[in-house]
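**Student:** Dropping in model.cif, which is mmCIF, C-alpha atoms:
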```
data_input
#
loop_
_atom_site.label_atom_id
_atom_site.label_comp_id
_atom_site.auth_asym_id
_atom_site.auth_seq_id
_atom_site.Cartn_x
_atom_site.Cartn_y
_atom_site.Cartn_z
CA MET A 135 -3.99 18.10 16.68
CA ASP A 136 -4.78 14.49 15.78
CA MET A 137 -3.04 12.40 13.12
CA ASP A 138 -5.10 11.44 10.07
CA VAL A 139 -4.57 8.02 8.49
CA LEU A 140 -4.90 7.09 4.83
CA LEU A 141 -4.91 3.44 3.77
CA GLY A 142 -6.17 0.94 1.23
CA LEU A 143 -9.28 -1.13 1.86
CA GLN A 144 -8.66 -3.92 -0.66
CA TRP A 145 -5.58 -5.94 -1.70
CA GLY A 146 -3.46 -2.87 -2.40
CA ASP A 147 -3.09 -0.93 -5.67
CA GLU A 148 -6.08 1.27 -4.77
CA GLY A 149 -4.38 4.51 -5.83
CA LYS A 150 -2.97 5.67 -2.49
CA GLY A 151 0.01 7.44 -4.04
CA LYS A 152 -2.11 9.73 -6.17
CA ILE A 153 -4.48 10.57 -3.34
CA VAL A 154 -1.67 11.34 -0.87
CA ASP A 155 -0.15 13.64 -3.49
CA VAL A 156 -3.52 15.37 -3.92
CA LEU A 157 -4.02 15.79 -0.17
CA SER A 158 -0.42 16.71 0.73
CA PRO A 159 -0.84 20.52 0.44
CA GLY A 160 -3.22 20.29 3.41
CA TYR A 161 -0.60 18.61 5.64
CA ASN A 162 2.74 19.58 7.16
CA ILE A 163 4.02 16.01 7.41
CA ILE A 164 3.41 12.84 5.37
CA ALA A 165 4.67 9.69 7.15
CA ARG A 166 4.86 6.13 5.82
CA PHE A 167 4.03 3.79 8.68
CA GLN A 168 4.63 0.22 7.42
CA GLY A 169 5.59 -2.01 4.54
CA GLY A 170 8.61 -2.00 2.29
CA PRO A 171 9.67 -1.54 -1.33
CA ASN A 172 6.97 -3.97 -2.45
CA ALA A 173 4.78 -0.86 -2.46
CA GLY A 174 4.38 1.01 -5.73
CA HIS A 175 2.70 4.38 -5.28
CA SER A 176 2.20 6.03 -8.67
CA LEU A 177 2.06 9.80 -9.13
CA GLU A 178 0.97 11.62 -12.30
CA PHE A 179 0.62 15.32 -13.01
CA GLY A 180 0.85 16.80 -16.47
CA ASP A 181 3.41 14.80 -18.46
CA PHE A 182 5.16 13.67 -15.27
CA LYS A 183 4.88 10.06 -14.08
CA HIS A 184 6.77 8.61 -11.14
CA VAL A 185 6.54 5.50 -8.94
CA LEU A 186 7.58 5.59 -5.28
CA HIS A 187 8.44 2.48 -3.28
CA SER A 188 9.63 3.56 0.17
CA ILE A 189 9.51 7.35 0.07
CA PRO A 190 6.19 8.98 1.10
CA SER A 191 3.97 10.28 -1.69
CA GLY A 192 4.14 13.91 -0.59
CA ILE A 193 7.77 14.18 -1.66
CA PHE A 194 7.07 16.44 -4.67
CA ARG A 195 5.01 18.93 -2.66
CA GLU A 196 6.93 22.02 -1.59
CA ASN A 197 7.27 22.56 2.18
CA THR A 198 5.85 19.15 3.06
CA ILE A 199 8.07 17.06 5.34
CA ASN A 200 8.16 13.36 4.41
CA VAL A 201 9.02 10.78 7.08
CA ILE A 202 9.86 7.10 6.66
CA GLY A 203 8.50 5.73 9.94
CA ASN A 204 9.81 2.96 12.18
CA GLY A 205 7.23 0.44 10.94
CA VAL A 206 8.79 0.47 7.46
CA VAL A 207 11.49 -1.96 6.30
CA LEU A 208 13.99 -0.30 3.97
CA ASP A 209 16.13 -1.76 1.20
CA PRO A 210 19.19 0.53 0.91
CA VAL A 211 19.65 -0.37 -2.77
CA ILE A 212 16.09 0.47 -3.80
CA PHE A 213 16.19 3.57 -1.58
CA MET A 214 19.38 4.70 -3.34
CA GLU A 215 17.78 4.17 -6.75
CA GLU A 216 14.72 6.19 -5.68
CA ILE A 217 16.92 9.01 -4.43
CA LEU A 218 18.92 9.17 -7.68
CA LYS A 219 15.73 9.40 -9.75
CA ILE A 220 14.25 12.14 -7.56
CA ARG A 221 17.53 14.09 -7.68
CA ASP A 222 17.28 14.10 -11.47
CA ILE A 223 13.72 15.40 -11.34
CA SER A 224 13.49 17.62 -8.28
CA PRO A 225 16.57 17.69 -6.03
CA GLU A 226 15.03 20.32 -3.76
CA SER A 227 12.34 17.83 -2.74
CA LEU A 228 14.86 15.70 -0.84
CA LYS A 229 15.63 18.46 1.68
CA HIS A 230 12.46 17.51 3.52
CA LEU A 231 12.98 13.73 3.71
CA TYR A 232 13.62 12.31 7.20
CA LEU A 233 14.27 8.70 8.25
CA SER A 234 13.34 7.17 11.59
CA ARG A 235 16.35 5.56 13.27
CA LYS A 236 14.19 2.54 14.15
CA VAL A 237 13.50 1.57 10.53
CA HIS A 238 14.73 -1.99 9.91
CA LEU A 239 17.09 -2.68 7.03
CA ILE A 240 16.59 -5.31 4.33
CA LEU A 241 19.85 -7.19 3.78
CA PRO A 242 20.88 -8.89 0.52
CA THR A 243 20.50 -12.23 2.29
CA HIS A 244 16.93 -11.34 3.27
CA LYS A 245 16.09 -11.13 -0.43
CA ILE A 246 17.88 -14.39 -1.18
CA LEU A 247 16.03 -16.14 1.66
CA ASP A 248 12.75 -14.77 0.31
CA ALA A 249 13.44 -16.13 -3.19
CA ALA A 250 14.69 -19.50 -1.92
CA SER A 251 11.70 -20.00 0.36
CA GLU A 252 9.19 -19.04 -2.32
CA SER A 253 10.86 -21.32 -4.86
CA ALA A 254 10.74 -24.26 -2.45
CA LYS A 255 6.99 -23.86 -1.93
CA GLY A 256 6.19 -24.72 -5.55
CA LYS A 257 2.43 -24.67 -6.13
CA THR A 258 1.78 -23.47 -2.56
CA LYS A 259 3.74 -20.23 -3.00
CA ILE A 260 2.06 -17.10 -1.63
CA GLY A 261 3.03 -14.76 -4.48
CA SER A 262 5.83 -12.90 -2.70
CA THR A 263 7.34 -9.91 -4.49
CA LEU A 264 10.76 -11.35 -3.53
CA LYS A 265 11.86 -8.05 -2.00
CA GLY A 266 12.96 -9.63 1.29
CA ILE A 267 10.06 -8.13 3.24
CA GLY A 268 8.98 -11.28 5.09
CA PRO A 269 12.46 -12.39 6.23
CA THR A 270 13.22 -8.85 7.43
CA TYR A 271 10.08 -8.69 9.55
CA MET A 272 10.92 -12.19 10.85
CA ASP A 273 14.30 -10.92 12.04
CA LYS A 274 12.57 -7.89 13.53
CA THR A 275 10.20 -10.00 15.64
CA GLY A 276 13.03 -12.46 16.34
CA ARG A 277 15.07 -9.55 17.77
CA ASN A 278 17.92 -10.03 15.32
CA GLY A 279 17.34 -7.13 12.93
CA LEU A 280 19.54 -4.22 11.93
CA ARG A 281 18.14 -0.69 12.01
CA ILE A 282 19.10 2.62 10.46
CA GLY A 283 20.28 3.80 13.86
CA ASP A 284 22.81 0.96 13.90
CA VAL A 285 24.53 2.21 10.75
CA LEU A 286 26.62 4.80 12.60
CA GLU A 287 27.61 2.47 15.45
CA ASP A 288 31.22 1.25 15.66
CA ASN A 289 30.16 -2.40 15.55
CA PHE A 290 27.81 -2.08 12.58
CA LEU A 291 29.92 -4.19 10.21
CA GLU A 292 30.36 -6.85 12.88
CA ARG A 293 26.60 -7.02 13.44
CA TYR A 294 25.94 -7.10 9.70
CA ASN A 295 28.31 -10.04 9.22
CA PHE A 296 26.79 -11.91 12.16
CA LEU A 297 23.29 -11.64 10.67
CA LYS A 298 24.55 -12.49 7.19
CA GLU A 299 26.22 -15.67 8.46
CA LYS A 300 23.00 -16.67 10.20
CA HIS A 301 21.16 -16.29 6.89
CA LEU A 302 23.79 -18.21 4.94
CA HIS A 303 23.42 -21.07 7.42
CA LEU A 304 19.64 -21.07 6.86
CA LEU A 305 20.13 -21.09 3.09
CA LYS A 306 21.94 -24.43 3.30
CA GLN A 307 18.55 -26.14 3.64
CA TYR A 308 17.55 -24.96 0.15
CA ASP A 309 18.71 -26.12 -3.26
CA PHE A 310 19.08 -22.54 -4.47
CA GLU A 311 21.98 -20.87 -6.26
CA PHE A 312 22.94 -17.28 -5.53
CA ASP A 313 25.82 -14.81 -5.73
CA ILE A 314 25.96 -12.30 -2.89
CA ILE A 315 29.12 -10.39 -3.80
CA GLU A 316 27.64 -7.90 -6.29
CA GLN A 317 24.51 -7.48 -4.17
CA GLU A 318 26.63 -6.55 -1.17
CA LYS A 319 28.58 -3.93 -3.14
CA GLU A 320 25.36 -2.14 -4.10
CA TRP A 321 23.95 -2.58 -0.60
CA PHE A 322 26.85 -0.77 1.06
CA LYS A 323 26.56 2.01 -1.53
CA GLY A 324 22.96 2.31 -0.40
CA ILE A 325 24.09 2.53 3.22
CA GLU A 326 26.26 5.51 2.29
CA THR A 327 23.22 7.12 0.66
CA ILE A 328 21.21 6.65 3.87
CA LYS A 329 23.95 8.46 5.81
CA GLN A 330 23.31 11.59 3.75
CA PHE A 331 19.83 12.08 5.21
CA LYS A 332 18.55 13.41 8.50
CA THR A 333 17.63 10.64 10.93
CA ILE A 334 15.14 11.23 13.71
CA ASP A 335 13.46 9.57 16.64
CA GLY A 336 10.17 9.23 14.80
CA ALA A 337 7.90 8.97 17.85
CA TYR A 338 9.20 12.20 19.39
CA PHE A 339 9.21 13.97 16.04
CA ILE A 340 5.61 13.11 15.13
CA ASN A 341 4.17 13.62 18.61
CA ASN A 342 5.92 16.97 19.04
CA ALA A 343 4.56 18.06 15.67
CA LEU A 344 1.03 17.16 16.76
CA LYS A 345 1.52 19.16 19.99
CA GLU A 346 2.46 22.14 17.83
CA ASP A 347 -0.83 21.70 15.91
CA GLU A 348 0.92 20.60 12.74
CA LYS A 349 -1.15 18.39 10.46
CA VAL A 350 0.16 14.85 9.99
CA LEU A 351 -1.05 12.27 7.46
CA ALA A 352 0.00 8.65 7.99
CA GLU A 353 0.37 6.89 4.63
CA GLY A 354 -0.20 3.14 4.44
CA ALA A 355 1.12 0.68 1.90
CA GLN A 356 -0.49 -2.48 0.46
CA GLY A 357 -4.12 -2.85 1.68
CA THR A 358 -6.30 -4.01 4.56
CA LEU A 359 -6.94 -7.43 3.02
CA LEU A 360 -3.19 -8.08 3.06
CA ASP A 361 -2.85 -7.36 6.78
CA ILE A 362 -0.93 -10.06 8.68
CA GLU A 363 -3.75 -10.34 11.26
CA PHE A 364 -6.91 -9.56 9.32
CA GLY A 365 -6.08 -10.29 5.70
CA SER A 366 -6.64 -13.42 3.60
CA TYR A 367 -4.02 -15.40 5.53
CA PRO A 368 -1.56 -16.88 4.59
CA PHE A 369 -1.67 -14.89 1.34
CA VAL A 370 -0.81 -11.65 3.12
CA THR A 371 2.07 -9.27 3.71
CA SER A 372 4.19 -9.25 6.88
CA SER A 373 3.01 -6.03 8.51
CA ASN A 374 -0.13 -4.44 9.93
CA THR A 375 -1.68 -2.53 7.04
CA VAL A 376 -4.77 -1.47 9.05
CA SER A 377 -5.24 1.92 10.76
CA ALA A 378 -3.96 0.60 14.10
CA GLY A 379 -0.67 -0.09 12.33
CA ALA A 380 -0.18 3.67 11.97
CA ASN A 381 -0.10 4.05 15.75
CA ILE A 382 2.51 1.32 16.10
CA GLY A 383 4.46 2.27 12.98
CA LEU A 384 4.82 5.91 13.99
CA GLY A 385 4.58 5.82 17.80
CA VAL A 386 1.36 7.83 18.03
CA PRO A 387 -1.23 6.78 20.69
CA PRO A 388 -4.62 5.52 19.43
CA GLY A 389 -6.41 8.44 21.08
CA LYS A 390 -4.56 10.80 18.75
CA THR A 391 -6.02 9.29 15.57
CA GLY A 392 -8.23 11.72 13.67
CA GLU A 393 -9.82 10.98 10.31
CA VAL A 394 -9.35 7.49 8.90
CA ILE A 395 -9.52 7.81 5.12
CA GLY A 396 -10.11 4.54 3.28
CA ILE A 397 -9.43 4.13 -0.45
CA PHE A 398 -11.10 1.55 -2.66
CA LYS A 399 -11.32 0.92 -6.38
CA SER A 400 -14.70 0.90 -8.09
CA TYR A 401 -13.90 -2.77 -8.78
CA CYS A 402 -11.39 -5.18 -7.23
CA THR A 403 -7.88 -6.27 -8.18
CA ARG A 404 -5.30 -8.57 -6.69
CA VAL A 405 -1.67 -9.38 -7.52
CA GLY A 406 -0.20 -12.82 -6.90
CA SER A 407 -1.81 -15.81 -5.22
CA GLY A 408 -4.70 -15.93 -2.78
CA PRO A 409 -8.51 -16.08 -2.70
CA PHE A 410 -10.51 -13.62 -4.78
CA PRO A 411 -14.28 -14.33 -4.59
CA THR A 412 -15.39 -11.98 -7.39
CA GLU A 413 -12.52 -12.61 -9.81
CA LEU A 414 -13.50 -12.47 -13.48
CA PHE A 415 -12.12 -14.71 -16.21
CA ASP A 416 -14.28 -13.34 -19.02
CA ALA A 417 -14.40 -10.34 -21.34
CA ASP A 418 -15.41 -8.01 -18.50
CA GLY A 419 -12.32 -9.00 -16.53
CA LYS A 420 -10.13 -8.36 -19.56
CA TYR A 421 -11.85 -5.01 -20.11
CA LEU A 422 -11.10 -3.90 -16.54
CA GLN A 423 -7.51 -5.06 -16.81
CA ASP A 424 -6.84 -3.30 -20.12
CA LYS A 425 -8.70 -0.06 -19.44
CA GLY A 426 -7.43 0.15 -15.87
CA HIS A 427 -3.84 -0.60 -16.94
CA GLU A 428 -3.78 -3.25 -14.24
CA PHE A 429 -0.14 -4.15 -14.08
CA GLY A 430 1.89 -3.89 -10.88
CA ALA A 431 3.82 -0.61 -10.52
CA THR A 432 6.59 -2.45 -8.67
CA THR A 433 6.56 -5.96 -10.16
CA GLY A 434 4.94 -5.41 -13.57
CA ARG A 435 2.78 -8.47 -12.91
CA GLU A 436 -0.75 -8.62 -14.29
CA ARG A 437 -3.38 -7.81 -11.70
CA ARG A 438 -6.31 -10.17 -11.41
CA CYS A 439 -9.57 -8.24 -11.84
CA GLY A 440 -13.09 -8.70 -10.54
CA TRP A 441 -16.24 -6.94 -9.39
CA MET A 442 -16.51 -4.93 -6.19
CA ASP A 443 -16.91 -7.12 -3.09
CA MET A 444 -19.17 -5.33 -0.60
CA PRO A 445 -18.77 -7.81 2.31
CA LEU A 446 -15.00 -7.34 2.12
CA LEU A 447 -15.32 -3.55 1.83
CA LYS A 448 -17.62 -3.37 4.88
CA TYR A 449 -15.23 -5.65 6.76
CA SER A 450 -12.35 -3.27 6.00
CA VAL A 451 -14.40 -0.22 7.00
CA MET A 452 -15.26 -1.90 10.31
CA ILE A 453 -11.71 -2.95 11.20
CA ASN A 454 -10.20 0.44 10.35
CA GLY A 455 -12.90 2.69 11.75
CA VAL A 456 -13.08 4.50 8.41
CA THR A 457 -14.61 7.99 8.57
CA LYS A 458 -14.21 8.98 4.91
CA LEU A 459 -14.16 6.93 1.72
CA ILE A 460 -12.38 7.60 -1.55
CA MET A 461 -13.41 5.80 -4.73
CA THR A 462 -10.68 5.50 -7.38
CA LYS A 463 -10.75 4.37 -11.00
CA ALA A 464 -14.41 5.22 -11.42
CA ASP A 465 -13.50 6.11 -15.01
CA VAL A 466 -12.55 2.49 -15.75
CA LEU A 467 -16.21 1.45 -15.51
CA SER A 468 -17.13 3.86 -18.33
CA GLY A 469 -18.18 1.94 -21.43
CA LEU A 470 -19.68 -1.03 -19.59
CA LYS A 471 -23.40 -1.50 -20.27
CA LYS A 472 -23.72 -3.05 -16.83
CA PHE A 473 -21.52 -4.05 -13.92
CA LYS A 474 -21.97 -6.00 -10.72
CA VAL A 475 -21.28 -5.78 -7.01
CA ALA A 476 -21.18 -8.76 -4.66
CA THR A 477 -23.53 -7.98 -1.77
CA ALA A 478 -23.31 -11.32 0.10
CA TYR A 479 -21.90 -14.84 -0.06
CA LYS A 480 -23.69 -18.13 -0.45
CA ILE A 481 -21.90 -20.85 1.54
CA ASN A 482 -23.38 -24.34 1.71
CA ASP A 483 -26.84 -22.97 0.78
CA LYS A 484 -26.67 -20.31 3.50
CA VAL A 485 -26.40 -16.61 2.66
CA THR A 486 -24.18 -14.35 4.76
CA THR A 487 -22.79 -10.83 4.53
CA GLU A 488 -19.89 -11.66 6.86
CA VAL A 489 -16.44 -12.64 5.66
CA PRO A 490 -15.79 -16.29 6.62
CA PHE A 491 -12.70 -17.58 8.42
CA GLU A 492 -11.44 -19.03 5.17
CA ILE A 493 -12.44 -18.11 1.64
CA ASN A 494 -12.53 -21.22 -0.54
CA ASP A 495 -14.37 -22.82 -3.46
CA ASN A 496 -17.51 -23.35 -1.34
CA LEU A 497 -18.17 -19.62 -1.45
CA GLU A 498 -20.42 -18.20 -4.18
CA PRO A 499 -20.89 -14.41 -4.47
CA VAL A 500 -24.45 -13.04 -4.55
CA TYR A 501 -24.51 -10.14 -7.01
CA LYS A 502 -26.48 -6.94 -7.49
CA GLU A 503 -26.43 -5.54 -11.03
CA PHE A 504 -25.99 -1.86 -11.87
CA ALA A 505 -26.55 0.03 -15.12
CA GLY A 506 -23.39 1.39 -16.71
CA TRP A 507 -22.67 4.56 -18.67
CA ASP A 508 -20.91 5.41 -21.92
CA GLU A 509 -19.50 8.90 -21.44
CA ASP A 510 -15.85 9.62 -20.68
CA ILE A 511 -15.72 11.14 -17.18
CA THR A 512 -12.01 11.99 -16.96
CA ASN A 513 -12.70 15.69 -17.62
CA VAL A 514 -15.63 15.99 -15.20
CA LYS A 515 -14.81 18.50 -12.44
CA SER A 516 -17.86 18.34 -10.16
CA PHE A 517 -19.83 15.55 -8.54
CA GLU A 518 -23.11 16.92 -9.88
CA LYS A 519 -21.97 16.41 -13.49
CA LEU A 520 -21.10 12.74 -13.06
CA PRO A 521 -23.40 10.23 -14.80
CA GLU A 522 -26.51 9.41 -12.79
CA GLU A 523 -25.58 5.72 -12.95
CA LEU A 524 -22.27 6.41 -11.16
CA LYS A 525 -23.97 8.59 -8.56
CA THR A 526 -26.42 5.74 -7.92
CA TYR A 527 -23.49 3.38 -7.38
CA ILE A 528 -21.79 5.82 -5.00
CA LYS A 529 -25.00 6.29 -3.01
CA PHE A 530 -25.29 2.49 -2.72
CA VAL A 531 -21.74 2.28 -1.31
CA GLU A 532 -22.53 5.00 1.21
CA GLU A 533 -25.73 3.29 2.33
CA GLU A 534 -24.05 -0.09 2.68
CA THR A 535 -20.98 1.14 4.57
CA GLY A 536 -22.52 4.04 6.48
CA VAL A 537 -19.55 6.20 5.43
CA PRO A 538 -19.57 9.13 2.98
CA VAL A 539 -17.65 8.95 -0.28
CA TRP A 540 -15.59 12.12 0.05
CA ILE A 541 -13.46 11.94 -3.11
CA VAL A 542 -14.01 10.34 -6.51
CA SER A 543 -10.96 9.82 -8.74
CA VAL A 544 -11.84 9.91 -12.44
CA GLY A 545 -8.33 9.48 -13.88
CA PRO A 546 -4.67 8.99 -12.94
CA ASP A 547 -3.66 12.67 -13.01
CA ARG A 548 -3.80 14.67 -9.77
CA ASP A 549 -6.20 17.09 -11.51
CA GLU A 550 -8.62 14.28 -12.38
CA THR A 551 -10.03 14.27 -8.89
CA ILE A 552 -13.44 15.36 -7.56
CA VAL A 553 -13.52 16.44 -3.91
CA ARG A 554 -17.00 16.68 -2.46
CA ALA A 555 -17.91 19.26 0.18
CA GLY A 556 -17.72 18.14 3.81
#
```
Now that the file is in, can you turn its structure into structure tokens?
**Tutor:**
Amino acid sequence: MDMDVLLGLQWGDEGKGKIVDVLSPGYNIIARFQGGPNAGHSLEFGDFKHVLHSIPSGIFRENTINVIGNGVVLDPVIFMEEILKIRDISPESLKHLYLSRKVHLILPTHKILDAASESAKGKTKIGSTLKGIGPTYMDKTGRNGLRIGDVLEDNFLERYNFLKEKHLHLLKQYDFEFDIIEQEKEWFKGIETIKQFKTIDGAYFINNALKEDEKVLAEGAQGTLLDIEFGSYPFVTSSNTVSAGANIGLGVPPGKTGEVIGIFKSYCTRVGSGPFPTELFDADGKYLQDKGHEFGATTGRERRCGWMDMPLLKYSVMINGVTKLIMTKADVLSGLKKFKVATAYKINDKVTTEVPFEINDNLEPVYKEFAGWDEDITNVKSFEKLPEELKTYIKFVEEETGVPVWIVSVGPDRDETIVRAG
């Protein structure tokens, strides 16, 4: 059996949590493969609403094992808070949560370093979520990090203090006030919470499951355009958010990758700083923001909104080897008399469909206009009953990308999802 991969094709916030929840009954294992608690995967069914940060989005599905893979960086405090909330809602769900021993831990000083560094950048800040993600990955690549597997070692406290002192020395270069005492108290409580869960060698666990023909879905966080290699650098995250990151983040060879399922919104959003060619500053942008409830699930920050960017979508499809597409928030376009899609860029009087090395003010999107529709589609249950205007848009996406749109999400609830045959 091969491992399927599900990931975002834009700047994150594409609706991965909902889709993983919808697809989970078809899988034995859901495994997060990268990122940290800057992720906010929202789940809704009935009157229930929940946001996950580090825990995979199949956690509320009975008999589905959920794995936090080695490519993830984990904040013990946020993990503890997640666990307490899930215990209040569905304690049985936590029986099937496993943690890879190679997951790196976010220390309190990682978060302080993140905040101090971002503050010092002033106008050049990258829009960090201040969760300590970047400094933790820096220690990982610098071979200084602490991992879950270290927690039970006799010298864990000694290693923790060594890394903390290194961070405190680095913080002397910043004019930044902080108090670590209370943060440390909560952090060590979080460490005790981690000790309550089953830890595994993730690579052996996942590969053995595949040998036994169990179905595995790798769940990505953030989005392709935030990838450290292929995103809008330097306004990116610190991990590989692309499909190849699933192989590294879970220890599965590339030849064992099955379907690559790419999720995109019917329009574009972005949180924080960084280039955004199709960003809207008019009434249409406000409409998308309000109707789409475009506020970060983790940070609460307003999401910048704009039209779909086809060159960027095709770029993401190419890099990831996407085999199936999922369109989310199609319902948000309802009520617009017309909407647009960028099909190319005009740069210094030359038109191109390729994404340039650097996106700057010299770039002007070339738009194609589509007719909108008025009807509410949140209760539509079949593709055939969708408005013709939306079906025309979907067909255009399929023709441009060469990939079928397999699922259309028409609302936030798990039931507001149309799965097409094939």
**Student:** Using only C-alpha atoms for the distances, tell me which of A:Lys332, A:Lys229, A:Arg277, A:Lys300 is nearest to His244 (chain A).
**Tutor:**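 Selected residue with least distance to His244 (chain A): A:Lys300.
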**Student:** Let me make sure I understand: among A:Glu287, A:Ser372, A:Thr403, A:Leu344, which one has the smallest atom-to-atom distance to Lys274 (chain A) if we use only C-alpha atoms?
**Tutor:** A:Ser372
**Student:** On this file, the PyMOL selection byres ((chain A and resi 545-556) around 12) gives some set of residues; write that set as a PyMOL selection string.
**Tutor:** chain A and resi 148-158+175-184+399+425-427+457-468+510-520+538-544
**Student:** For the PyMOL selection byres ((chain A and resi 243) around 8), applied here, can you spell out every residue it catches as number ranges by chain?
**Tutor:** A: 241-242, 244-247, 298, 301-302, 314
**Student:** Would you write out, as a tab-separated table, a table of all residues in region 256-303 of chain A that have an atom no more than 12 Å from an atom of region 321-326 of chain A, listing for each the closest atom pair and the distance in Å to one decimal, considering all atoms listed in the file and ordering rows by chain and rising residue number?
**Tutor:**
```
residue	atom	partner	partner_atom	distance
A:Leu280	CA	A:Ile325	CA	11.9
A:Arg281	CA	A:Ile325	CA	11.1
A:Ile282	CA	A:Ile325	CA	8.8
A:Gly283	CA	A:Ile325	CA	11.4
A:Asp284	CA	A:Ile325	CA	10.9
A:Val285	CA	A:Ile325	CA	7.5
A:Leu286	CA	A:Ile325	CA	10.0
A:Phe290	CA	A:Ile325	CA	11.1
A:Leu291	CA	A:Phe322	CA	10.2
A:Tyr294	CA	A:Phe322	CA	10.7
```
**Student:** Mind dumping the selected residues with C-alpha atoms as an mmCIF file, in the coordinates of the input?
**Tutor:**
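Final output, saved to again28.cif:
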```
data_model
loop_
_atom_site.group_PDB
_atom_site.id
_atom_site.type_symbol
_atom_site.label_atom_id
_atom_site.label_comp_id
_atom_site.auth_asym_id
_atom_site.auth_seq_id
_atom_site.Cartn_x
_atom_site.Cartn_y
_atom_site.Cartn_z
ATOM 1 C CA LEU A 280 19.540 -4.220 11.930
ATOM 2 C CA ARG A 281 18.140 -0.690 12.010
ATOM 3 C CA ILE A 282 19.100 2.620 10.460
ATOM 4 C CA GLY A 283 20.280 3.800 13.860
ATOM 5 C CA ASP A 284 22.810 0.960 13.900
ATOM 6 C CA VAL A 285 24.530 2.210 10.750
ATOM 7 C CA LEU A 286 26.620 4.800 12.600
ATOM 8 C CA PHE A 290 27.810 -2.080 12.580
ATOM 9 C CA LEU A 291 29.920 -4.190 10.210
ATOM 10 C CA TYR A 294 25.940 -7.100 9.700
#
```
**Student:** Please determine, counting all atoms listed in the file, which residue among A:Cys439, A:Ile223, A:Met137, A:Ile212 has the shortest atom-to-atom distance to Asn341 (chain A).
**Tutor:** A:Met137
**Student:** Could you tell me which residues the PyMOL selection byres ((chain A and resi 164) around 9) returns for this structure, as a list in words?
**Tutor:**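 Given this file, the PyMOL selection byres ((chain A and resi 164) around 9) evaluates to Val154, Ser158, Tyr161, Asn162, Ile163, Ala165, Arg166, Pro190, Ser191, Gly192, Ile193, Thr198, Ile199, Asn200, Val201, Ile202, Lys349, Val350, Leu351, Ala352 and Glu353 of chain A.
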**Student:** Would you pick out the contacts of Glu226 (chain A) at 9 Å or less, using all atoms listed in the file, so that residues sharing its chain but fewer than 3 positions from it are not included, and give the list as a list in words?
**Tutor:**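 Those residues are Phe194, Glu196, Arg221, Lys229 and His230 of chain A.
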**Student:** Using all atoms listed in the file, which of the listed residues (A:Asp147, A:Asn454, A:Pro159, A:Ala254) sits closest to Glu436 (chain A)?
**Tutor:**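 Looking at the shortest contact to Glu436 (chain A), the residue is A:Asp147.
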**Student:** One decimal, Å: what's the distance from CA of Lys255 (chain A) over to CA of Leu239 (chain A), could you say?
**Tutor:**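 The value is 25.1 Å.
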**Student:** With distances taken over all atoms listed in the file, which of A:Leu414, A:Pro388, A:Tyr367, A:Gly336 is nearest to Pro490 (chain A)?
**Tutor:**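 For Pro490 (chain A), the nearest of the candidates is A:Tyr367.
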